[in-house]
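J.: The structure is given below, and queries will be raised subsequently.
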Amino acid sequence: MKLMKYLLLFVTAFMSLQLQAQYTIKGIITDTTNEALIGAAVKVKGKAIGAATDESGAFTLTLPKGDSVIIAEYMGFISQEIMIDAKTKFLKVKLVPVDKVTNEFVVTAQGIKREELPLGYSSAALYESKAGDANIAGALNGKAAGVKIKATPQGVTSKSKVKTRKTVTQFTPPVIVHDRMVVDEDESYAAIKENNYQLVKDQPLSTFSIDVDRASYSNVRRYLNNGNLPPVDAVRIEEMINYFDYKYKSPVNDDPVAIYTDMATCPWEPAHQLVRVALKAKELPLDKLPAANLVFLLDVSGSMDDYNKLPLVKQALAALVQQLRSKDKVAIVTYAGAANVALPSTAGSEKTAILNVINQLQAGGSTAGGDGLKMAYDIATEHFMKNGNNRIIMATDGDFNVGESSEGDLETLIEKKRTSGVSLSVIGFGMGNVKDDKLELLADKGNGNYAYIDNFEEARRTFVTEFGSTLFTVAKDVKLQLEFNPQYVQSYRLVGYENRMLENKDFNDDKKDAGDMGVGHTVTALYELIPTGAMNENRPLVDSLKYQRTVATSNYSGEVLTVKLRYKQPKENKSQLLSSVMPWKVQDIKDAPEDFRMAAAVAEFGLLLRNSEHKGKAGYNAVLLLAKGAKGDDEEGYRSEFIQLVKKAGILKNEEVAN
């Protein structure tokens, strides 16, 4: 008994010491109009500690004793870093939209005046509770703190009092890194060998599969927002271009896809021409979309325990659940040490039951991805909808082993199930151990999309705003083949799409797999052309042939190229052909359509991040000038955010960039 008593005293004392080594801070994050920012990320710099704000913009963090740097982030807003210590009880942060950056940063709260600070500094109001206050929750009152929220958190009253302790102003110096950052974390990316110029007289055809992924852009954004340049092979230019929304017109006939072409001077090499090939899939209202048979395959292993992994997965799926209809079905399979059916196939109308399962998910254990994938396919096959959308949505950081099967066996399984009508989409989360190369490969093999989600706003866009284009296919195995006219084009280079290149004979081969397009989806591809007769600074790509005679083409005067597109209807195995001819056009890039200029700016940015041998005269200020002129309405703020990312990259490259 005495031993038990001493042991209990020891445990109690140990727990008391542990509690003393921690402290809790509460706070609110708003925009400059005092609107609460829901789902904003709050994290501790250098530690795996973080949270997301609730529907009132409020958050709670438990921190280790000592000083900490809090980072507040929200898509479309300037991130902030604030130094705090154990005396800090309440933190109110106002984030400034990226398209409204001035030399003034405004902090509004009880007892705080407006402060003018030079750009690059951040300011936040810190509070401590007044002596005698029983509950710091009083500091979260919307009225007292000047925050516009629709509901007051439980336990908060308008009579709660707070007092100003101090205002902390901090300058965050830029982090200088090399052109190619060495990834000291356990992340992996497939090597990219950039497309080179092809002589039209030798290679008049260019063939590739369309790509609807955009994971690279959000991953690059994550690196830049964390103060680092991305690894070169993390930059896939076609995914960066296709991250943005473009206002292409939907097909006007029965075709599921429309083709558009345009050309202008190349911004990074004015002696060259830049060609844009744009595709737009047909639109369908949500109630007209086919029923969905979805299986969420969720990684709940120990590596998913960080705040920006499983907690963000749960937020993302909760947003998706709200889009489900009664005719949709959803199941949840989890995998860690073993695979488990957390939710059998359930009607989309049973939202409460689905959300309850999602909310109870916890991370822990090792990873057995192969077993989980097999189980997910079994469920998807069992509840297969003949005229519906059958899809597995895998959420993971990619740090998984395949179990008893080899990776080759897993890829074979995915390809086999693809032909049966079950697609696989892969969503990457987190940082530090992202297996980008593995996740992209799985999605490609599974005829699905690959996305990377770095914050709740990206989750909202993927699962809510673009619910249809992400999940519902209207044209599968979409391939493009361009034929260039040697009268006008000496040589050409496809910008990006390196891992989507096909042999020319694959274009007419219906057995050859290619990318799919979803409802309302857009795809943009850029070609850099060297016009016929243009003088090159370098030697010709190859010497003229001695025994072959070149015959000039004169029957198609005015035609620069012909675009051919092959696609299959979702339930068919025989492809159909579309084509479009592009005439020669003299147009300066500054006079090109807004969407063309934006795509060109993103491509030039990608060339700079990759330090490409084809970057020509590209520069960060040139990208900024082009992007600012192409910002347009920018309702979601993505183009404004891009401008800020360009500025960050320029600073990291030790280059002077315009404000």
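As shown in the structure tokens, the chain order sets the letters A, B, ...; within each chain, residues go from 1, and ligands are also counted from 1 in the order they appear.
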According to DSSP computed on the backbone, where in stretch 314-479 of chain A is there strand (DSSP E or B)? Give the residues as JSON, numbers by chain.

T.: {"A": [329, 330, 331, 332, 333, 334, 335, 339, 340, 341, 342, 343, 344, 345, 346, 347, 389, 390, 391, 392, 393, 394, 395, 396, 422, 423, 424, 425, 426, 427, 428, 429, 435, 450, 451, 452, 453, 473, 474, 475, 476, 477, 478, 479]}

J.: Sorted by chain and rising residue number, which residues of stretch 213-265 of chain A lie within 12 Å of stretch 474-486 of chain A, and what are their closest atom pairs and distances in Å to one decimal, counting only C-alpha atoms, as a tab-separated table?

T.:
```
residue	atom	partner	partner_atom	distance
A:Asp254	CA	A:Val474	CA	11.6
A:Asp255	CA	A:Ala475	CA	9.4
A:Pro256	CA	A:Val474	CA	6.3
A:Val257	CA	A:Ala475	CA	7.5
A:Ala258	CA	A:Ala475	CA	11.2
A:Ile259	CA	A:Leu480	CA	10.3
A:Thr261	CA	A:Leu482	CA	11.3
```

J.: A:Phe507: which residues within 10 Å, counting only C-alpha atoms, same-chain residues fewer than 3 positions away excluded, as an MDAnalysis selection string?

T.: chainID A and resid 206:209 478:481 502:504 510:514 564:566 575

J.: Excluding A:Leu294 and residues on its chain fewer than 6 positions from it, collect all residues at most 9 Å away from it, counting only C-alpha atoms, and give them as a ChimeraX atom specification.

T.: /A:328-332,345,380,389-393

J.: With distances taken over only C-alpha atoms, which residue among A:Tyr260, A:Tyr217, A:Phe90, A:Tyr488 lies nearest A:Glu239?

T.: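 For A:Glu239, the nearest of the candidates is A:Tyr217.
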
J.: Would you please work out which residue, of A:Pro285, A:Pro344, A:Gly421, A:Gly39, is nearest to A:Asn573 when using only C-alpha atoms?

T.: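 With only C-alpha atoms as the atom set, the closest residue is A:Gly421.
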